[in-house]
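Next up, upload32.txt (compact mmCIF, C-alpha atoms):
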# COMPACT_ATOMS: atom_id res chain seq x y z
CA MET A 1 102.77 127.33 54.95
CA LEU A 2 105.35 127.72 57.73
CA ASP A 3 108.23 125.91 56.03
CA GLY A 4 110.55 128.88 56.50
CA LEU A 5 109.88 129.22 60.23
CA THR A 6 112.95 128.38 62.32
CA LEU A 7 113.59 127.59 65.95
CA ASP A 8 116.06 130.48 66.06
CA GLN A 9 113.30 132.92 65.04
CA VAL A 10 111.00 131.58 67.75
CA ARG A 11 113.70 131.82 70.41
CA THR A 12 114.57 135.36 69.29
CA PHE A 13 110.90 136.37 69.55
CA VAL A 14 110.58 135.07 73.11
CA THR A 15 113.90 136.60 74.14
CA VAL A 16 112.90 140.05 72.87
CA VAL A 17 109.61 139.86 74.78
CA GLU A 18 111.31 138.77 77.99
CA SER A 19 114.10 141.36 77.76
CA GLY A 20 111.79 144.24 76.86
CA SER A 21 113.46 145.56 73.69
CA PHE A 22 115.27 144.57 70.53
CA ARG A 23 118.50 146.01 71.93
CA SER A 24 118.29 144.09 75.21
CA GLY A 25 117.31 140.97 73.32
CA ALA A 26 120.34 141.33 71.07
CA GLN A 27 122.61 141.68 74.11
CA ARG A 28 121.16 138.58 75.71
CA LEU A 29 121.60 136.62 72.49
CA SER A 30 125.10 138.07 71.88
CA ARG A 31 124.07 139.40 68.48
CA VAL A 32 123.92 142.75 66.75
CA GLN A 33 120.54 144.45 66.92
CA SER A 34 120.04 144.34 63.15
CA ALA A 35 120.26 140.51 63.20
CA VAL A 36 117.55 140.35 65.86
CA SER A 37 115.34 142.79 63.93
CA ASN A 38 115.76 140.71 60.74
CA ALA A 39 114.90 137.47 62.61
CA ILE A 40 111.69 139.02 63.97
CA ALA A 41 110.77 140.48 60.58
CA ASN A 42 111.28 137.10 58.88
CA LEU A 43 109.17 135.39 61.55
CA GLU A 44 106.37 137.93 61.04
CA MET A 45 106.54 137.33 57.29
CA GLU A 46 106.31 133.56 57.77
CA LEU A 47 103.38 133.86 60.18
CA GLY A 48 101.60 136.56 58.20
CA VAL A 49 101.01 138.76 61.27
CA SER A 50 102.76 141.64 63.03
CA LEU A 51 104.13 140.53 66.37
CA PHE A 52 105.28 143.94 67.60
CA ASP A 53 103.98 147.49 67.33
CA ARG A 54 107.13 149.51 66.63
CA SER A 55 105.53 152.96 66.59
CA GLY A 56 106.60 153.87 70.14
CA HIS A 57 109.93 154.16 71.91
CA ARG A 58 109.90 150.46 72.73
CA PRO A 59 108.35 147.60 70.74
CA VAL A 60 105.01 146.49 72.20
CA LEU A 61 103.35 143.17 71.52
CA THR A 62 100.36 143.35 69.21
CA PRO A 63 97.25 141.31 70.13
CA GLU A 64 98.43 138.73 67.59
CA GLY A 65 101.88 138.69 69.15
CA GLN A 66 100.39 138.26 72.61
CA ALA A 67 98.26 135.35 71.40
CA LEU A 68 101.21 133.60 69.72
CA LEU A 69 103.65 134.11 72.60
CA ALA A 70 102.23 131.14 74.53
CA ASN A 71 102.71 128.91 71.46
CA ALA A 72 106.28 130.12 71.03
CA ARG A 73 107.12 129.38 74.66
CA ASP A 74 105.50 125.96 74.37
CA ILE A 75 107.62 125.15 71.30
CA LEU A 76 110.82 126.07 73.13
CA LEU A 77 109.79 124.08 76.21
CA ARG A 78 109.14 120.97 74.13
CA VAL A 79 112.41 121.32 72.23
CA ASP A 80 114.34 121.74 75.49
CA ALA A 81 112.59 118.67 76.90
CA MET A 82 113.53 116.72 73.77
CA ARG A 83 117.16 117.77 74.14
CA ALA A 84 117.15 116.80 77.82
CA ARG A 85 115.75 113.37 77.00
CA ALA A 86 118.32 112.83 74.26
CA ARG A 87 121.09 113.87 76.66
CA GLY A 88 119.70 111.44 79.21
CA LEU A 89 119.71 108.60 76.69
CA ASN A 90 123.37 109.24 75.99
CA GLU A 91 124.08 109.19 79.72
CA GLY A 92 122.07 106.01 80.34
CA ILE A 93 119.15 107.77 82.08
CA GLU A 94 115.91 105.79 81.97
CA LEU A 95 113.02 106.87 79.78
CA GLU A 96 110.60 105.72 82.48
CA LEU A 97 110.66 104.75 86.14
CA SER A 98 108.02 102.12 86.89
CA LEU A 99 107.14 101.46 90.52
CA THR A 100 104.64 99.19 92.26
CA VAL A 101 103.87 99.99 95.91
CA ASP A 102 102.21 97.87 98.59
CA THR A 103 98.87 99.31 99.74
CA LEU A 104 100.15 99.26 103.34
CA PHE A 105 102.97 101.70 102.58
CA PRO A 106 102.40 105.47 103.05
CA ILE A 107 101.97 106.74 99.50
CA ALA A 108 102.73 110.34 100.51
CA ALA A 109 106.36 109.36 101.14
CA VAL A 110 106.52 107.86 97.65
CA GLY A 111 105.12 111.07 96.16
CA ALA A 112 107.68 113.21 97.98
CA ALA A 113 110.55 110.99 96.82
CA LEU A 114 109.33 110.97 93.21
CA THR A 115 109.10 114.77 93.28
CA GLN A 116 112.72 114.99 94.42
CA MET A 117 113.80 112.50 91.77
CA ARG A 118 112.08 114.44 88.97
CA ALA A 119 113.82 117.64 90.06
CA ALA A 120 117.09 115.93 89.12
CA TYR A 121 115.75 113.93 86.14
CA PRO A 122 112.84 115.91 84.62
CA SER A 123 112.84 113.91 81.38
CA VAL A 124 112.00 110.62 83.13
CA SER A 125 108.37 109.54 82.95
CA ILE A 126 106.77 107.83 85.96
CA ARG A 127 104.43 104.85 86.05
CA LEU A 128 103.07 104.11 89.52
CA ALA A 129 100.80 101.26 90.65
CA VAL A 130 99.49 100.49 94.14
CA GLU A 131 98.68 96.82 94.77
CA PRO A 132 98.14 94.57 97.81
CA LEU A 133 99.87 91.39 98.97
CA GLY A 134 101.66 89.64 96.08
CA GLY A 135 101.11 92.47 93.61
CA PRO A 136 104.42 94.35 94.05
CA ILE A 137 106.71 91.33 93.83
CA THR A 138 104.73 89.89 90.90
CA ALA A 139 105.23 93.17 89.04
CA LEU A 140 109.00 92.69 89.44
CA ILE A 141 108.94 89.03 88.43
CA GLU A 142 106.91 89.86 85.32
CA LYS A 143 109.14 92.87 84.59
CA ARG A 144 106.25 95.31 84.75
CA SER A 145 108.13 97.41 87.31
CA THR A 146 111.70 98.48 87.89
CA LEU A 147 111.21 98.92 91.63
CA ALA A 148 108.69 97.71 94.16
CA ILE A 149 107.90 98.39 97.79
CA LEU A 150 106.43 95.45 99.69
CA VAL A 151 105.45 94.98 103.30
CA GLY A 152 106.15 91.78 105.22
CA GLU A 153 108.09 88.66 104.27
CA ASP A 154 105.36 86.41 102.90
CA PHE A 155 106.50 86.75 99.29
CA ARG A 156 110.22 86.21 98.87
CA ASN A 157 111.91 85.26 95.61
CA PRO A 158 115.59 84.40 95.02
CA ARG A 159 115.70 86.68 91.98
CA ILE A 160 114.53 89.71 93.99
CA ALA A 161 116.77 91.79 96.27
CA LEU A 162 115.11 93.23 99.37
CA GLU A 163 116.32 96.21 101.41
CA ALA A 164 114.54 97.01 104.68
CA ILE A 165 113.49 100.66 104.73
CA PHE A 166 110.69 101.35 107.23
CA PRO A 167 108.49 99.74 109.91
CA ILE A 168 104.78 99.64 109.10
CA LYS A 169 102.41 99.55 112.07
CA GLN A 170 99.02 97.94 111.55
CA VAL A 171 96.22 98.24 114.05
CA ALA A 172 93.05 96.15 114.42
CA VAL A 173 90.12 98.56 114.38
CA VAL A 174 86.36 98.73 114.21
CA ALA A 175 83.83 101.53 113.80
CA ALA A 176 82.94 103.31 117.05
CA ARG A 177 79.29 102.21 116.77
CA HIS A 178 80.10 98.53 116.06
CA PRO A 179 79.16 95.97 118.80
CA LEU A 180 82.81 94.99 119.25
CA ALA A 181 83.63 98.61 120.10
CA MET A 182 81.39 98.34 123.17
CA LYS A 183 83.52 95.58 124.67
CA ARG A 184 86.04 97.48 126.80
CA GLY A 185 88.88 96.26 129.01
CA VAL A 186 92.42 94.99 128.59
CA ASP A 187 91.37 91.70 127.03
CA ALA A 188 87.61 92.06 126.64
CA ILE A 189 87.38 90.53 123.16
CA SER A 190 88.08 86.85 122.65
CA LEU A 191 88.72 84.92 119.44
CA PRO A 192 85.11 83.62 119.44
CA ASP A 193 83.94 87.23 119.69
CA LEU A 194 85.97 88.14 116.62
CA ALA A 195 84.66 85.10 114.76
CA ASP A 196 81.09 86.24 115.37
CA HIS A 197 81.58 89.33 113.21
CA PRO A 198 82.68 89.82 109.59
CA GLN A 199 86.36 90.48 109.02
CA ILE A 200 87.22 92.84 106.17
CA VAL A 201 90.06 91.25 104.19
CA LEU A 202 92.14 92.38 101.21
CA SER A 203 92.10 90.06 98.21
CA ASP A 204 95.35 89.20 96.46
CA PRO A 205 95.24 90.09 92.72
CA THR A 206 97.93 87.45 92.07
CA PRO A 207 98.00 83.66 92.47
CA LEU A 208 100.91 83.86 94.95
CA SER A 209 98.67 83.49 98.00
CA GLU A 210 96.33 80.94 96.46
CA GLY A 211 95.19 78.52 99.16
CA ARG A 212 96.58 80.75 101.93
CA ASP A 213 95.03 83.44 104.12
CA PHE A 214 97.05 85.95 106.12
CA GLY A 215 95.63 86.93 109.50
CA VAL A 216 92.09 85.78 108.73
CA LEU A 217 90.43 84.76 112.02
CA SER A 218 86.75 84.98 111.22
CA PRO A 219 84.85 82.52 109.03
CA ARG A 220 82.71 85.49 108.02
CA THR A 221 84.70 87.61 105.62
CA CYS A 222 84.13 90.52 103.29
CA ARG A 223 86.88 90.46 100.67
CA VAL A 224 87.75 93.73 98.97
CA SER A 225 90.24 94.65 96.24
CA SER A 226 91.71 97.86 97.67
CA GLN A 227 92.85 99.39 100.95
CA ASP A 228 90.48 102.32 100.41
CA ALA A 229 87.54 99.93 100.13
CA LYS A 230 88.63 98.08 103.27
CA HIS A 231 88.93 101.37 105.16
CA ALA A 232 85.49 102.49 103.94
CA MET A 233 83.80 99.20 104.89
CA ILE A 234 85.25 99.28 108.41
CA LEU A 235 84.24 102.91 108.84
CA ALA A 236 80.74 101.99 107.68
CA GLY A 237 80.48 99.42 110.49
CA LEU A 238 80.35 96.35 108.26
CA GLY A 239 83.09 94.53 110.18
CA TRP A 240 86.55 94.70 111.69
CA GLY A 241 90.05 94.46 110.28
CA ARG A 242 93.67 95.58 110.37
CA LEU A 243 94.66 98.86 108.72
CA PRO A 244 97.98 100.75 108.62
CA LEU A 245 98.26 103.23 111.47
CA TRP A 246 99.26 106.08 109.14
CA LEU A 247 95.91 105.66 107.36
CA VAL A 248 93.65 105.55 110.44
CA ASP A 249 95.48 107.79 112.90
CA HIS A 250 93.03 110.67 112.36
CA ASP A 251 90.03 108.33 112.59
CA LEU A 252 91.29 107.01 115.93
CA ASN A 253 92.04 110.47 117.31
CA GLU A 254 88.64 111.80 116.25
CA GLY A 255 86.69 108.77 117.52
CA ARG A 256 85.40 107.37 114.22
CA LEU A 257 87.38 104.16 114.75
CA VAL A 258 88.52 102.42 117.93
CA ARG A 259 91.15 99.78 118.60
CA LEU A 260 89.85 96.31 119.35
CA HIS A 261 90.43 95.47 123.02
CA THR A 262 92.13 92.11 122.60
CA LYS A 263 95.60 90.64 122.98
CA ALA A 264 94.85 88.16 120.21
CA LEU A 265 95.81 90.76 117.60
CA GLY A 266 99.04 92.09 119.11
CA ARG A 267 99.78 94.32 122.05
CA HIS A 268 97.37 97.26 121.93
CA SER A 269 95.84 95.48 118.90
CA GLN A 270 98.93 96.44 116.92
CA VAL A 271 101.58 94.59 114.93
CA THR A 272 104.64 95.91 113.09
CA SER A 273 105.92 94.62 109.76
CA GLU A 274 108.98 95.70 107.82
CA ALA A 275 108.68 97.47 104.48
CA TYR A 276 111.24 96.53 101.84
CA LEU A 277 112.50 98.24 98.71
CA ALA A 278 112.75 95.51 96.09
CA TYR A 279 114.34 95.14 92.66
CA ARG A 280 115.52 92.40 90.32
CA LEU A 281 119.08 91.15 90.82
CA ASP A 282 119.56 90.75 87.05
CA GLU A 283 118.59 94.33 86.18
CA PRO A 284 120.83 97.05 87.64
CA LEU A 285 119.08 100.26 88.63
CA GLY A 286 119.55 103.32 86.45
CA PRO A 287 120.39 106.83 87.70
CA ALA A 288 116.77 107.90 88.18
CA ALA A 289 115.86 104.74 90.10
CA GLN A 290 118.90 105.18 92.32
CA ALA A 291 117.97 108.82 92.91
CA PHE A 292 114.45 107.75 93.91
CA CYS A 293 115.86 105.24 96.41
CA ARG A 294 118.03 107.92 98.02
CA SER A 295 115.17 110.40 98.12
CA LEU A 296 112.82 107.85 99.66
CA ALA A 297 115.36 107.10 102.39
CA ASP A 298 115.63 110.84 103.14
CA CYS A 299 111.84 111.27 103.27
CA LEU A 300 111.41 108.29 105.59
CA CYS A 301 114.18 109.53 107.91
CA ARG A 302 112.37 112.86 108.27
CA SER A 303 109.03 111.18 108.98
CA ASP A 304 110.38 108.61 111.44
This entry written out as structure tokens:
Amino acid sequence: MLDGLTLDQVRTFVTVVESGSFRSGAQRLSRVQSAVSNAIANLEMELGVSLFDRSGHRPVLTPEGQALLANARDILLRVDAMRARARGLNEGIELELSLTVDTLFPIAAVGAALTQMRAAYPSVSIRLAVEPLGGPITALIEKRSTLAILVGEDFRNPRIALEAIFPIKQVAVVAARHPLAMKRGVDAISLPDLADHPQIVLSDPTPLSEGRDFGVLSPRTCRVSSQDAKHAMILAGLGWGRLPLWLVDHDLNEGRLVRLHTKALGRHSQVTSEAYLAYRLDEPLGPAAQAFCRSLADCLCRSD
């Protein structure tokens, strides 16, 4: 039974360990030494073990004390986290920040911004999803996310505010050993050439693009559900497709992928779309969400 164990006893135990002596611990806690000694003695009685060996000049942790120190620190950490969350609730800080990001957007920038946000709001939990095409805006419409990042302007909604944040370059590529890679020259590949080979295309997990295709030029398609799968299929030589430049830059530099030599897919086989930060007009952003937006803008400025 540990009914008599108190948080004060646990904090006193950890403070004595960290300060090196009962006297130093008492000074740190602004107490007399006898009060600290009594708190430790009561804790030892409640736990049924000796935490300190007092036979020397300074108290030394016993093996039992060493084993229980990690538990004591964990208790204090959880209590402090609970207090921080309660303080945040009083101040209007969100319990959770939910975010859905377009697969075309560089996820490393999102990670850096979330890390900065959590430094200021450590009690806020994070829920992150990465979805293609209509996924991010659908998450906002269905109130599954507080914020979304989408690329392009194919999915607008009057209830959703959009703020342009970053240009996303997409490049049409193919594996270096693919037949289309052998066609060299400024405009060596025609639309019929492209139609002769499978195009790797992302599928929309939502009904927003039902009946519509975006940038599909070949009647032969391989539809995949993720950007990673699309990247892998193109690398494997199955077909051609557009991928974000940030994702394939190393592949292009190291010769695993090559740009398609055609003007039918943009100059240098490249097109640029705008990325937007999106949120619902009827739901104002909380402090953590606003901090994430500022941090993301800083991260993107440094990477531009």
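Taking atom CA of A:Ala113 and atom CA of A:Ile168 as the two end points, the separation is 17.7 Å.
Of the listed residues A:His261, A:Arg212, A:Lys169, A:Arg220, the one whose atoms come nearest to A:Gly152 is A:Lys169, with distances taken using all atoms listed in the file.
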| request: Please provide the set of residues having any atom within 9 Å of A:Arg294, restricted to all atoms listed in the file, with same-chain residues fewer than 4 positions apart removed, written as a list in words. | output: Ala113, Met117, Ala289, Gln290, Asp298 and Cys299 of chain A
Saved selection, atoms kept: C-alpha atoms, as an mmCIF file, keeping the file's coordinate frame:
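As a result, again.cif now contains:
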data_model
loop_
_atom_site.group_PDB
_atom_site.id
_atom_site.type_symbol
_atom_site.label_atom_id
_atom_site.label_comp_id
_atom_site.auth_asym_id
_atom_site.auth_seq_id
_atom_site.Cartn_x
_atom_site.Cartn_y
_atom_site.Cartn_z
ATOM 1 C CA ALA A 113 110.550 110.990 96.820
ATOM 2 C CA MET A 117 113.800 112.500 91.770
ATOM 3 C CA ALA A 289 115.860 104.740 90.100
ATOM 4 C CA GLN A 290 118.900 105.180 92.320
ATOM 5 C CA ASP A 298 115.630 110.840 103.140
ATOM 6 C CA CYS A 299 111.840 111.270 103.270
#
| field | Closest of A:Gly4, A:Pro192, A:Pro198, A:Pro179 to A:Glu46 - atom-to-atom distances counting all atoms listed in the file | value |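 Comparing A:Gly4, A:Pro192, A:Pro198, A:Pro179 against A:Glu46, the winner is A:Gly4.
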| request: Kindly extract all protein, DNA and RNA residues lying within 10 Å of the coordinates (110.9, 140.2, 68.2) given in the file, considering only C-alpha atoms, and supply them as an MDAnalysis selection string. | output: chainID A and resid 9:18 20:22 25:26 36:44 50:52 59:61 65
Based on the selection just made, write C-alpha atoms of those residues as a compact mmCIF listing (two decimals), keeping the file's coordinate frame.
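Saved as again.txt:
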# COMPACT_ATOMS: atom_id res chain seq x y z
CA GLN A 9 113.30 132.92 65.04
CA VAL A 10 111.00 131.58 67.75
CA ARG A 11 113.70 131.82 70.41
CA THR A 12 114.57 135.36 69.29
CA PHE A 13 110.90 136.37 69.55
CA VAL A 14 110.58 135.07 73.11
CA THR A 15 113.90 136.60 74.14
CA VAL A 16 112.90 140.05 72.87
CA VAL A 17 109.61 139.86 74.78
CA GLU A 18 111.31 138.77 77.99
CA GLY A 20 111.79 144.24 76.86
CA SER A 21 113.46 145.56 73.69
CA PHE A 22 115.27 144.57 70.53
CA GLY A 25 117.31 140.97 73.32
CA ALA A 26 120.34 141.33 71.07
CA VAL A 36 117.55 140.35 65.86
CA SER A 37 115.34 142.79 63.93
CA ASN A 38 115.76 140.71 60.74
CA ALA A 39 114.90 137.47 62.61
CA ILE A 40 111.69 139.02 63.97
CA ALA A 41 110.77 140.48 60.58
CA ASN A 42 111.28 137.10 58.88
CA LEU A 43 109.17 135.39 61.55
CA GLU A 44 106.37 137.93 61.04
CA SER A 50 102.76 141.64 63.03
CA LEU A 51 104.13 140.53 66.37
CA PHE A 52 105.28 143.94 67.60
CA PRO A 59 108.35 147.60 70.74
CA VAL A 60 105.01 146.49 72.20
CA LEU A 61 103.35 143.17 71.52
CA GLY A 65 101.88 138.69 69.15
| Could you pull the residues within 12 Å of A:His178, counting all atoms listed in the file, minus those fewer than 5 positions along the same chain, as a list in words? | Val173, Lys183, Leu194, His197, Pro198, Met233, Ile234, Leu235, Ala236, Gly237, Leu238, Gly239, Trp240, Arg256, Leu257, Val258, Arg259 and Leu260 of chain A
| message | Nearest residue to A:Glu131 out of A:Leu77, A:Leu95, A:Val151, A:Leu114, using all atoms listed in the file? | response | A:Val151
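Put simply, atom CA of A:Val79 is 29.2 Å away from atom CA of A:Arg54.
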| query | Counting all atoms listed in the file, what is within 7 Å of A:Pro132, bar same-chain residues fewer than 3 positions away, as number ranges by chain? | reply | A: 102-103, 135, 204
| request: Kindly provide, as a PyMOL selection string, the polymer residues lying within 6 Å of (111.3, 125.9, 67.9), counting all atoms listed in the file and using the coordinates exactly as they appear in the file. | output: chain A and resi 7+10+75-76
| field | Distance criterion (all atoms listed in the file): nearest to A:Ala264 out of A:Pro244, A:Pro207, A:Gly48, A:Gly215 | value |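 Looking at the shortest contact to A:Ala264, the residue is A:Gly215.
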| Any idea what the distance is between atom CA of A:Arg223 and atom CA of A:Ser203? |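 Separating atom CA of A:Arg223 from atom CA of A:Ser203 is a distance of 5.8 Å.
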| Pick the closest to A:Val49 from A:Val271, A:Ala67, A:Ala188, A:Ile149: which is it, counting all atoms listed in the file? |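 Of A:Val271, A:Ala67, A:Ala188, A:Ile149, the one nearest A:Val49, counting all atoms listed in the file, is A:Ala67.
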